[in-house]
$ cat protein_34.pdb   # PDB, N, CA and C atoms and all ligand atoms
ATOM      1  N   MET A   8      38.707   4.762 -24.698
ATOM      2  CA  MET A   8      37.829   5.776 -24.105
ATOM      3  C   MET A   8      36.374   5.521 -24.467
ATOM      4  N   ARG A   9      36.154   5.111 -25.702
ATOM      5  CA  ARG A   9      34.805   4.827 -26.153
ATOM      6  C   ARG A   9      34.217   3.639 -25.387
ATOM      7  N   LEU A  10      35.037   2.647 -25.206
ATOM      8  CA  LEU A  10      34.606   1.436 -24.508
ATOM      9  C   LEU A  10      34.174   1.773 -23.087
ATOM     10  N   TRP A  11      34.940   2.647 -22.453
ATOM     11  CA  TRP A  11      34.650   3.040 -21.071
ATOM     12  C   TRP A  11      33.270   3.695 -20.986
ATOM     13  N   LYS A  12      32.983   4.539 -21.952
ATOM     14  CA  LYS A  12      31.692   5.224 -21.983
ATOM     15  C   LYS A  12      30.543   4.231 -22.109
ATOM     16  N   LYS A  13      30.759   3.236 -22.948
ATOM     17  CA  LYS A  13      29.725   2.236 -23.194
ATOM     18  C   LYS A  13      29.386   1.466 -21.914
ATOM     19  N   ILE A  14      30.429   1.147 -21.172
ATOM     20  CA  ILE A  14      30.224   0.403 -19.925
ATOM     21  C   ILE A  14      29.417   1.225 -18.926
ATOM     22  N   VAL A  15      29.763   2.489 -18.834
ATOM     23  CA  VAL A  15      29.074   3.369 -17.894
ATOM     24  C   VAL A  15      27.597   3.480 -18.249
ATOM     25  N   ILE A  16      27.314   3.641 -19.532
ATOM     26  CA  ILE A  16      25.923   3.805 -19.960
ATOM     27  C   ILE A  16      25.106   2.533 -19.708
ATOM     28  N   SER A  17      25.687   1.394 -20.016
ATOM     29  CA  SER A  17      24.932   0.156 -19.823
ATOM     30  C   SER A  17      24.661  -0.106 -18.341
ATOM     31  N   THR A  18      25.591   0.276 -17.491
ATOM     32  CA  THR A  18      25.393   0.107 -16.054
ATOM     33  C   THR A  18      24.257   1.004 -15.581
ATOM     34  N   PHE A  19      24.242   2.200 -16.122
ATOM     35  CA  PHE A  19      23.223   3.170 -15.743
ATOM     36  C   PHE A  19      21.834   2.661 -16.114
ATOM     37  N   ILE A  20      21.713   2.075 -17.306
ATOM     38  CA  ILE A  20      20.412   1.574 -17.752
ATOM     39  C   ILE A  20      19.948   0.394 -16.897
ATOM     40  N   SER A  21      20.868  -0.479 -16.560
ATOM     41  CA  SER A  21      20.463  -1.659 -15.792
ATOM     42  C   SER A  21      19.991  -1.277 -14.389
ATOM     43  N   THR A  22      20.605  -0.256 -13.798
ATOM     44  CA  THR A  22      20.155   0.160 -12.476
ATOM     45  C   THR A  22      18.803   0.861 -12.571
ATOM     46  N   LEU A  23      18.543   1.472 -13.714
ATOM     47  CA  LEU A  23      17.262   2.123 -13.912
ATOM     48  C   LEU A  23      16.146   1.096 -14.103
ATOM     49  N   LEU A  24      16.471   0.024 -14.788
ATOM     50  CA  LEU A  24      15.466  -0.983 -15.101
ATOM     51  C   LEU A  24      15.092  -1.822 -13.884
ATOM     52  N   LEU A  25      16.032  -1.982 -12.977
ATOM     53  CA  LEU A  25      15.819  -2.867 -11.840
ATOM     54  C   LEU A  25      14.619  -2.479 -10.961
ATOM     55  N   PRO A  26      14.507  -1.213 -10.527
ATOM     56  CA  PRO A  26      13.336  -0.882  -9.695
ATOM     57  C   PRO A  26      12.026  -1.034 -10.451
ATOM     58  N   ALA A  27      12.040  -0.731 -11.746
ATOM     59  CA  ALA A  27      10.822  -0.837 -12.544
ATOM     60  C   ALA A  27      10.354  -2.285 -12.630
ATOM     61  N   ALA A  28      11.308  -3.192 -12.783
ATOM     62  CA  ALA A  28      10.974  -4.606 -12.884
ATOM     63  C   ALA A  28      10.410  -5.136 -11.573
ATOM     64  N   SER A  29      11.034  -4.740 -10.460
ATOM     65  CA  SER A  29      10.559  -5.227  -9.168
ATOM     66  C   SER A  29       9.203  -4.610  -8.832
ATOM     67  N   LEU A  30       8.980  -3.407  -9.316
ATOM     68  CA  LEU A  30       7.709  -2.734  -9.065
ATOM     69  C   LEU A  30       6.560  -3.441  -9.787
ATOM     70  N   SER A  31       6.797  -3.858 -11.036
ATOM     71  CA  SER A  31       5.737  -4.503 -11.800
ATOM     72  C   SER A  31       5.410  -5.884 -11.237
ATOM     73  N   SER A  32       6.428  -6.581 -10.727
ATOM     74  CA  SER A  32       6.171  -7.889 -10.144
ATOM     75  C   SER A  32       5.412  -7.733  -8.829
ATOM     76  N   TRP A  33       5.674  -6.628  -8.150
ATOM     77  CA  TRP A  33       4.973  -6.360  -6.902
ATOM     78  C   TRP A  33       3.507  -6.064  -7.180
ATOM     79  N   ALA A  34       3.265  -5.321  -8.258
ATOM     80  CA  ALA A  34       1.893  -4.947  -8.595
ATOM     81  C   ALA A  34       1.071  -6.167  -8.993
ATOM     82  N   SER A  35       1.708  -7.126  -9.679
ATOM     83  CA  SER A  35       0.981  -8.316 -10.106
ATOM     84  C   SER A  35       0.733  -9.255  -8.924
ATOM     85  N   ASP A  36       1.445  -8.998  -7.810
ATOM     86  CA  ASP A  36       1.249  -9.754  -6.588
ATOM     87  C   ASP A  36      -0.082  -9.412  -5.913
ATOM     88  N   ASP A  37      -0.633  -8.295  -6.297
ATOM     89  CA  ASP A  37      -1.896  -7.828  -5.747
ATOM     90  C   ASP A  37      -2.967  -8.899  -5.952
ATOM     91  N   ASN A  38      -3.648  -9.216  -4.866
ATOM     92  CA  ASN A  38      -4.530 -10.384  -4.859
ATOM     93  C   ASN A  38      -5.856 -10.145  -5.573
ATOM     94  N   SER A  39      -5.802  -9.659  -6.794
ATOM     95  CA  SER A  39      -7.051  -9.348  -7.478
ATOM     96  C   SER A  39      -7.711 -10.608  -8.045
ATOM     97  N   ASP A  40      -6.888 -11.552  -8.560
ATOM     98  CA  ASP A  40      -7.488 -12.838  -8.909
ATOM     99  C   ASP A  40      -7.396 -13.698  -7.659
ATOM    100  N   ALA A  41      -8.542 -14.097  -7.124
ATOM    101  CA  ALA A  41      -8.601 -14.635  -5.769
ATOM    102  C   ALA A  41      -8.623 -16.160  -5.750
ATOM    103  N   THR A  42      -7.784 -16.761  -6.594
ATOM    104  CA  THR A  42      -7.700 -18.222  -6.560
ATOM    105  C   THR A  42      -6.762 -18.650  -5.443
ATOM    106  N   CYS A  43      -7.148 -19.656  -4.696
ATOM    107  CA  CYS A  43      -6.361 -20.145  -3.570
ATOM    108  C   CYS A  43      -4.986 -20.599  -4.046
ATOM    109  N   ILE A  44      -3.921 -20.126  -3.344
ATOM    110  CA  ILE A  44      -2.561 -20.507  -3.735
ATOM    111  C   ILE A  44      -2.211 -21.895  -3.225
ATOM    112  N   LYS A  45      -3.010 -22.442  -2.325
ATOM    113  CA  LYS A  45      -2.701 -23.754  -1.767
ATOM    114  C   LYS A  45      -3.301 -24.890  -2.604
ATOM    115  N   CYS A  46      -4.604 -24.824  -2.852
ATOM    116  CA  CYS A  46      -5.248 -25.913  -3.603
ATOM    117  C   CYS A  46      -5.451 -25.550  -5.075
ATOM    118  N   GLY A  47      -5.410 -24.258  -5.397
ATOM    119  CA  GLY A  47      -5.549 -23.817  -6.783
ATOM    120  C   GLY A  47      -6.949 -23.992  -7.341
ATOM    121  N   GLN A  48      -7.898 -24.330  -6.502
ATOM    122  CA  GLN A  48      -9.262 -24.583  -6.977
ATOM    123  C   GLN A  48     -10.278 -23.649  -6.340
ATOM    124  N   GLY A  49     -10.145 -23.462  -5.029
ATOM    125  CA  GLY A  49     -11.104 -22.626  -4.313
ATOM    126  C   GLY A  49     -10.907 -21.151  -4.593
ATOM    127  N   THR A  50     -11.852 -20.379  -4.163
ATOM    128  CA  THR A  50     -11.788 -18.931  -4.285
ATOM    129  C   THR A  50     -11.575 -18.336  -2.901
ATOM    130  N   MET A  51     -10.648 -17.383  -2.810
ATOM    131  CA  MET A  51     -10.402 -16.718  -1.543
ATOM    132  C   MET A  51     -11.488 -15.665  -1.314
ATOM    133  N   VAL A  52     -12.243 -15.859  -0.240
ATOM    134  CA  VAL A  52     -13.291 -14.887   0.079
ATOM    135  C   VAL A  52     -12.957 -14.216   1.409
ATOM    136  N   VAL A  53     -13.394 -12.980   1.559
ATOM    137  CA  VAL A  53     -13.109 -12.216   2.773
ATOM    138  C   VAL A  53     -13.870 -12.819   3.950
ATOM    139  N   SER A  54     -13.141 -13.179   5.012
ATOM    140  CA  SER A  54     -13.807 -13.714   6.197
ATOM    141  C   SER A  54     -13.877 -12.673   7.309
ATOM    142  N   SER A  55     -12.890 -11.797   7.401
ATOM    143  CA  SER A  55     -12.959 -10.733   8.396
ATOM    144  C   SER A  55     -12.076  -9.558   7.999
ATOM    145  N   VAL A  56     -12.458  -8.378   8.461
ATOM    146  CA  VAL A  56     -11.671  -7.171   8.241
ATOM    147  C   VAL A  56     -11.478  -6.490   9.594
ATOM    148  N   GLU A  57     -10.209  -6.279   9.966
ATOM    149  CA  GLU A  57      -9.923  -5.637  11.259
ATOM    150  C   GLU A  57      -9.215  -4.313  11.036
ATOM    151  N   TYR A  58      -9.647  -3.336  11.821
ATOM    152  CA  TYR A  58      -9.040  -2.017  11.733
ATOM    153  C   TYR A  58      -8.334  -1.691  13.043
ATOM    154  N   SER A  59      -7.076  -1.234  12.937
ATOM    155  CA  SER A  59      -6.388  -0.764  14.136
ATOM    156  C   SER A  59      -6.883   0.649  14.443
ATOM    157  N   PRO A  60      -6.714   1.132  15.696
ATOM    158  CA  PRO A  60      -7.125   2.505  15.993
ATOM    159  C   PRO A  60      -6.317   3.507  15.159
ATOM    160  N   TRP A  61      -6.946   4.623  14.852
ATOM    161  CA  TRP A  61      -6.238   5.674  14.106
ATOM    162  C   TRP A  61      -5.081   6.206  14.942
ATOM    163  N   GLU A  62      -3.929   6.397  14.311
ATOM    164  CA  GLU A  62      -2.774   6.972  14.987
ATOM    165  C   GLU A  62      -2.375   8.241  14.266
ATOM    166  N   ILE A  63      -2.006   9.256  15.062
ATOM    167  CA  ILE A  63      -1.571  10.513  14.455
ATOM    168  C   ILE A  63      -0.135  10.359  13.972
ATOM    169  N   VAL A  64       0.084  10.583  12.686
ATOM    170  CA  VAL A  64       1.424  10.401  12.136
ATOM    171  C   VAL A  64       2.044  11.705  11.654
ATOM    172  N   GLY A  65       1.245  12.779  11.662
ATOM    173  CA  GLY A  65       1.815  14.049  11.223
ATOM    174  C   GLY A  65       0.742  15.078  10.975
ATOM    175  N   SER A  66       1.131  16.149  10.320
ATOM    176  CA  SER A  66       0.165  17.194  10.006
ATOM    177  C   SER A  66       0.391  17.686   8.583
ATOM    178  N   ALA A  67      -0.660  18.254   8.013
ATOM    179  CA  ALA A  67      -0.575  18.735   6.633
ATOM    180  C   ALA A  67      -1.420  19.996   6.508
ATOM    181  N   PRO A  68      -1.030  20.910   5.618
ATOM    182  CA  PRO A  68      -1.843  22.109   5.409
ATOM    183  C   PRO A  68      -3.258  21.736   5.000
ATOM    184  N   CYS A  69      -4.218  22.437   5.574
ATOM    185  CA  CYS A  69      -5.619  22.125   5.324
ATOM    186  C   CYS A  69      -5.985  22.278   3.851
ATOM    187  N   THR A  70      -6.719  21.295   3.345
ATOM    188  CA  THR A  70      -7.170  21.364   1.952
ATOM    189  C   THR A  70      -8.670  21.599   1.890
ATOM    190  N   HIS A  71      -9.296  21.819   3.027
ATOM    191  CA  HIS A  71     -10.747  21.985   3.051
ATOM    192  C   HIS A  71     -11.131  23.428   2.708
ATOM    193  N   HIS A  72     -10.934  24.318   3.673
ATOM    194  CA  HIS A  72     -11.278  25.705   3.389
ATOM    195  C   HIS A  72     -10.422  26.684   4.178
ATOM    196  N   ASP A  73      -9.508  26.165   5.028
ATOM    197  CA  ASP A  73      -8.639  27.027   5.824
ATOM    198  C   ASP A  73      -7.173  26.734   5.523
ATOM    199  N   PRO A  74      -6.622  27.287   4.463
ATOM    200  CA  PRO A  74      -5.245  26.936   4.065
ATOM    201  C   PRO A  74      -4.195  27.302   5.114
ATOM    202  N   TRP A  75      -4.557  28.145   6.078
ATOM    203  CA  TRP A  75      -3.594  28.569   7.099
ATOM    204  C   TRP A  75      -3.581  27.632   8.311
ATOM    205  N   VAL A  76      -4.466  26.671   8.321
ATOM    206  CA  VAL A  76      -4.579  25.733   9.431
ATOM    207  C   VAL A  76      -3.873  24.418   9.063
ATOM    208  N   LEU A  77      -3.305  23.790  10.084
ATOM    209  CA  LEU A  77      -2.719  22.471   9.858
ATOM    210  C   LEU A  77      -3.717  21.389  10.262
ATOM    211  N   ASP A  78      -3.969  20.472   9.370
ATOM    212  CA  ASP A  78      -4.847  19.343   9.676
ATOM    213  C   ASP A  78      -4.024  18.163  10.187
ATOM    214  N   GLU A  79      -4.700  17.281  10.870
ATOM    215  CA  GLU A  79      -4.039  16.109  11.422
ATOM    216  C   GLU A  79      -4.036  14.968  10.394
ATOM    217  N   VAL A  80      -2.873  14.365  10.213
ATOM    218  CA  VAL A  80      -2.794  13.196   9.329
ATOM    219  C   VAL A  80      -2.786  11.946  10.199
ATOM    220  N   GLN A  81      -3.742  11.067   9.958
ATOM    221  CA  GLN A  81      -3.863   9.856  10.751
ATOM    222  C   GLN A  81      -3.709   8.629   9.873
ATOM    223  N   GLN A  82      -3.246   7.547  10.495
ATOM    224  CA  GLN A  82      -3.010   6.317   9.744
ATOM    225  C   GLN A  82      -3.483   5.121  10.572
ATOM    226  N   ARG A  83      -3.995   4.125   9.892
ATOM    227  CA  ARG A  83      -4.352   2.888  10.577
ATOM    228  C   ARG A  83      -4.037   1.700   9.666
ATOM    229  N   THR A  84      -3.983   0.547  10.277
ATOM    230  CA  THR A  84      -3.700  -0.675   9.528
ATOM    231  C   THR A  84      -4.996  -1.452   9.353
ATOM    232  N   VAL A  85      -5.258  -1.852   8.131
ATOM    233  CA  VAL A  85      -6.424  -2.678   7.853
ATOM    234  C   VAL A  85      -5.936  -4.092   7.543
ATOM    235  N   THR A  86      -6.385  -5.036   8.342
ATOM    236  CA  THR A  86      -6.002  -6.424   8.118
ATOM    237  C   THR A  86      -7.211  -7.186   7.574
ATOM    238  N   THR A  87      -7.093  -7.639   6.345
ATOM    239  CA  THR A  87      -8.177  -8.384   5.715
ATOM    240  C   THR A  87      -7.783  -9.856   5.684
ATOM    241  N   THR A  88      -8.635 -10.682   6.239
ATOM    242  CA  THR A  88      -8.374 -12.118   6.245
ATOM    243  C   THR A  88      -9.262 -12.804   5.219
ATOM    244  N   TYR A  89      -8.615 -13.591   4.364
ATOM    245  CA  TYR A  89      -9.330 -14.341   3.329
ATOM    246  C   TYR A  89      -9.311 -15.812   3.694
ATOM    247  N   VAL A  90     -10.379 -16.503   3.365
ATOM    248  CA  VAL A  90     -10.409 -17.942   3.584
ATOM    249  C   VAL A  90     -10.818 -18.631   2.275
ATOM    250  N   CYS A  91     -10.159 -19.762   1.993
ATOM    251  CA  CYS A  91     -10.455 -20.495   0.764
ATOM    252  C   CYS A  91     -11.789 -21.241   0.907
ATOM    253  N   SER A  92     -12.616 -21.126  -0.121
ATOM    254  CA  SER A  92     -13.930 -21.774  -0.082
ATOM    255  C   SER A  92     -13.822 -23.287  -0.273
ATOM    256  N   ASN A  93     -12.646 -23.750  -0.692
ATOM    257  CA  ASN A  93     -12.463 -25.174  -0.960
ATOM    258  C   ASN A  93     -11.719 -25.900   0.164
ATOM    259  N   CYS A  94     -10.514 -25.406   0.539
ATOM    260  CA  CYS A  94      -9.691 -26.137   1.501
ATOM    261  C   CYS A  94      -9.592 -25.439   2.853
ATOM    262  N   GLY A  95     -10.116 -24.234   2.975
ATOM    263  CA  GLY A  95     -10.112 -23.547   4.260
ATOM    264  C   GLY A  95      -8.818 -22.828   4.584
ATOM    265  N   PHE A  96      -7.891 -22.770   3.634
ATOM    266  CA  PHE A  96      -6.633 -22.060   3.814
ATOM    267  C   PHE A  96      -6.910 -20.571   4.039
ATOM    268  N   THR A  97      -6.253 -19.977   5.064
ATOM    269  CA  THR A  97      -6.473 -18.555   5.328
ATOM    270  C   THR A  97      -5.226 -17.741   5.029
ATOM    271  N   GLU A  98      -5.449 -16.515   4.636
ATOM    272  CA  GLU A  98      -4.360 -15.613   4.316
ATOM    273  C   GLU A  98      -4.764 -14.209   4.743
ATOM    274  N   SER A  99      -3.836 -13.508   5.397
ATOM    275  CA  SER A  99      -4.131 -12.147   5.832
ATOM    276  C   SER A  99      -3.324 -11.144   5.027
ATOM    277  N   LEU A 100      -3.974 -10.088   4.608
ATOM    278  CA  LEU A 100      -3.305  -9.011   3.901
ATOM    279  C   LEU A 100      -3.419  -7.735   4.717
ATOM    280  N   ARG A 101      -2.304  -7.015   4.837
ATOM    281  CA  ARG A 101      -2.316  -5.770   5.578
ATOM    282  C   ARG A 101      -2.161  -4.591   4.634
ATOM    283  N   ALA A 102      -2.908  -3.549   4.934
ATOM    284  CA  ALA A 102      -2.794  -2.333   4.139
ATOM    285  C   ALA A 102      -2.872  -1.129   5.070
ATOM    286  N   GLU A 103      -2.202  -0.060   4.686
ATOM    287  CA  GLU A 103      -2.247   1.166   5.468
ATOM    288  C   GLU A 103      -3.309   2.094   4.897
ATOM    289  N   GLU A 104      -4.075   2.706   5.782
ATOM    290  CA  GLU A 104      -5.053   3.698   5.356
ATOM    291  C   GLU A 104      -4.683   5.034   5.972
ATOM    292  N   THR A 105      -4.777   6.077   5.182
ATOM    293  CA  THR A 105      -4.456   7.405   5.663
ATOM    294  C   THR A 105      -5.667   8.312   5.536
ATOM    295  N   GLN A 106      -5.901   9.133   6.561
ATOM    296  CA  GLN A 106      -6.962  10.122   6.463
ATOM    297  C   GLN A 106      -6.473  11.447   7.036
ATOM    298  N   VAL A 107      -7.030  12.515   6.541
ATOM    299  CA  VAL A 107      -6.704  13.852   7.033
ATOM    300  C   VAL A 107      -7.914  14.381   7.784
ATOM    301  N   VAL A 108      -7.700  14.718   9.060
ATOM    302  CA  VAL A 108      -8.802  15.188   9.894
ATOM    303  C   VAL A 108      -8.710  16.689  10.081
ATOM    304  N   HIS A 109      -9.783  17.344   9.770
ATOM    305  CA  HIS A 109      -9.804  18.788   9.873
ATOM    306  C   HIS A 109      -9.970  19.224  11.315
ATOM    307  N   HIS A 110      -9.138  20.181  11.735
ATOM    308  CA  HIS A 110      -9.218  20.677  13.098
ATOM    309  C   HIS A 110      -9.758  22.089  13.119
ATOM    310  N   VAL A 111     -10.731  22.296  13.944
ATOM    311  CA  VAL A 111     -11.256  23.649  14.126
ATOM    312  C   VAL A 111     -10.732  24.157  15.463
ATOM    313  N   GLU A 112      -9.947  25.228  15.411
ATOM    314  CA  GLU A 112      -9.407  25.800  16.648
ATOM    315  C   GLU A 112     -10.466  26.654  17.307
ATOM    316  N   GLU A 113     -10.728  26.347  18.571
ATOM    317  CA  GLU A 113     -11.711  27.123  19.329
ATOM    318  C   GLU A 113     -11.105  28.442  19.756
ATOM    319  N   GLU A 114     -11.885  29.483  19.619
ATOM    320  CA  GLU A 114     -11.416  30.791  20.058
ATOM    321  C   GLU A 114     -12.096  31.179  21.361
ATOM    322  N   ASP A 115     -11.304  31.642  22.325
ATOM    323  CA  ASP A 115     -11.872  32.020  23.618
ATOM    324  C   ASP A 115     -12.531  33.394  23.530
TER     325      ASP A 115
HETATM  326 ZN    ZN B   1      -7.766 -23.732  -1.160
HETATM  327 ZN    ZN B   2      -9.012  20.890   6.985
END
$ encode --input "protein_34.pdb" --output "structure tokens"
Amino acid sequence: MRLWKKIVISTFISTLLLPAASLSSWASDDNSDATCIKCGQGTMVVSSVEYSPWEIVGSAPCTHHDPWVLDEVQQRTVTTTYVCSNCGFTESLRAEETQVVHHVEEED
């Protein structure tokens, strides 16, 4: 009976550790040190930034000054293209941007 308990606990810990480990490796993937992954010498510099049109993805209670009003939640994709200063290798990174737009209801 004791052995059974031990197995259950160790399984529980390993499943808990797994998302944390993958999360930290994902965070270190963030391109903050901008050395080129192809030549390892050049620096990745931003060559262009593209924004998709804002899309309405939902609504949220207003946080401005009208708590009884629903504001619009909008999202867009930002595509940043980097180019290596040494070998010309390009890499694009996509990120989602969210904004909340306040709506004023017109009264007739
Ligand atoms: Zn390079
Ligand atoms: Zn608002």
$ closest_atom_pairs --input "protein_34.pdb" --of "chain A" --to "ligand ZN 2 (chain B)" --cutoff "8 Å" --atoms "only N, CA and C atoms and all ligand atoms" --output "CSV"
residue,atom,partner,partner_atom,distance
A:Ala67,C,B:ZN2,ZN,7.7
A:Pro68,C,B:ZN2,ZN,6.1
A:Cys69,CA,B:ZN2,ZN,4.0
A:Thr70,N,B:ZN2,ZN,4.3
A:His71,N,B:ZN2,ZN,4.1
A:His72,N,B:ZN2,ZN,5.1
A:Asp73,N,B:ZN2,ZN,5.6
A:Pro74,N,B:ZN2,ZN,7.3
A:Val76,C,B:ZN2,ZN,6.6
A:Leu77,C,B:ZN2,ZN,6.2
A:Asp78,CA,B:ZN2,ZN,5.2
A:Glu79,N,B:ZN2,ZN,6.8
A:Val107,C,B:ZN2,ZN,6.6
A:Val108,C,B:ZN2,ZN,5.2
A:His109,CA,B:ZN2,ZN,3.7
A:His110,N,B:ZN2,ZN,4.8
A:Val111,N,B:ZN2,ZN,7.3
$ resolve_selection --input "protein_34.pdb" --expression "the PyMOL selection byres (((chain A and resi 54) around 6.5) and not hetatm)" --output "PyMOL selection string"
chain A and resi 52-53+55-56+87-90
$ resolve_selection --input "protein_34.pdb" --expression "the PyMOL selection byres (((not hetatm)) within 5 of (chain B and resi 1))" --output "ChimeraX atom specification"
/A:43,45-47,49,91,93-96
$ atom_distance --input "protein_34.pdb" --atom1 "atom N of Ser66 of chain A" --atom2 "atom N of Leu100 of chain A"
27.3 Å
$ closest_residue --input "protein_34.pdb" --among "A:Thr97, A:Thr42, A:Gln48, A:Ser59" --to "Thr84 of chain A" --atoms "all atoms listed in the file"
A:Ser59
$ residues_around --input "protein_34.pdb" --residues "Tyr58 of chain A" --least-positions-apart "6" --cutoff "6.5 Å" --atoms "all atoms listed in the file" --output "PDB file with N, CA and C atoms, in the frame of the given file"
ATOM      1  N   ARG A  83      -3.995   4.125   9.892  1.00  0.00           N
ATOM      2  CA  ARG A  83      -4.352   2.888  10.577  1.00  0.00           C
ATOM      3  C   ARG A  83      -4.037   1.700   9.666  1.00  0.00           C
ATOM      4  N   THR A  84      -3.983   0.547  10.277  1.00  0.00           N
ATOM      5  CA  THR A  84      -3.700  -0.675   9.528  1.00  0.00           C
ATOM      6  C   THR A  84      -4.996  -1.452   9.353  1.00  0.00           C
ATOM      7  N   VAL A  85      -5.258  -1.852   8.131  1.00  0.00           N
ATOM      8  CA  VAL A  85      -6.424  -2.678   7.853  1.00  0.00           C
ATOM      9  C   VAL A  85      -5.936  -4.092   7.543  1.00  0.00           C
ATOM     10  N   THR A  86      -6.385  -5.036   8.342  1.00  0.00           N
ATOM     11  CA  THR A  86      -6.002  -6.424   8.118  1.00  0.00           C
ATOM     12  C   THR A  86      -7.211  -7.186   7.574  1.00  0.00           C
TER      13      THR A  86
END
$ atom_distance --input "protein_34.pdb" --atom1 "atom N of Met51 of chain A" --atom2 "atom C of Arg101 of chain A"
17.1 Å
$ closest_residue --input "protein_34.pdb" --among "A:Ile44, A:Val80, A:Trp75, A:Glu57" --to "Ala102 of chain A" --atoms "only C-alpha atoms"
A:Glu57
$ atom_distance --input "protein_34.pdb" --atom1 "atom CA of Gln82 of chain A" --atom2 "atom C of Ser99 of chain A"
18.1 Å
$ axis_aligned_box --input "protein_34.pdb" --around "segment 68-72 of chain A" --padding-each-side "5 Å" --output "AutoDock Vina command-line options"
--center_x -6.2 --center_y 23.8 --center_z 3.8 --size_x 20.2 --size_y 15.8 --size_z 13.7
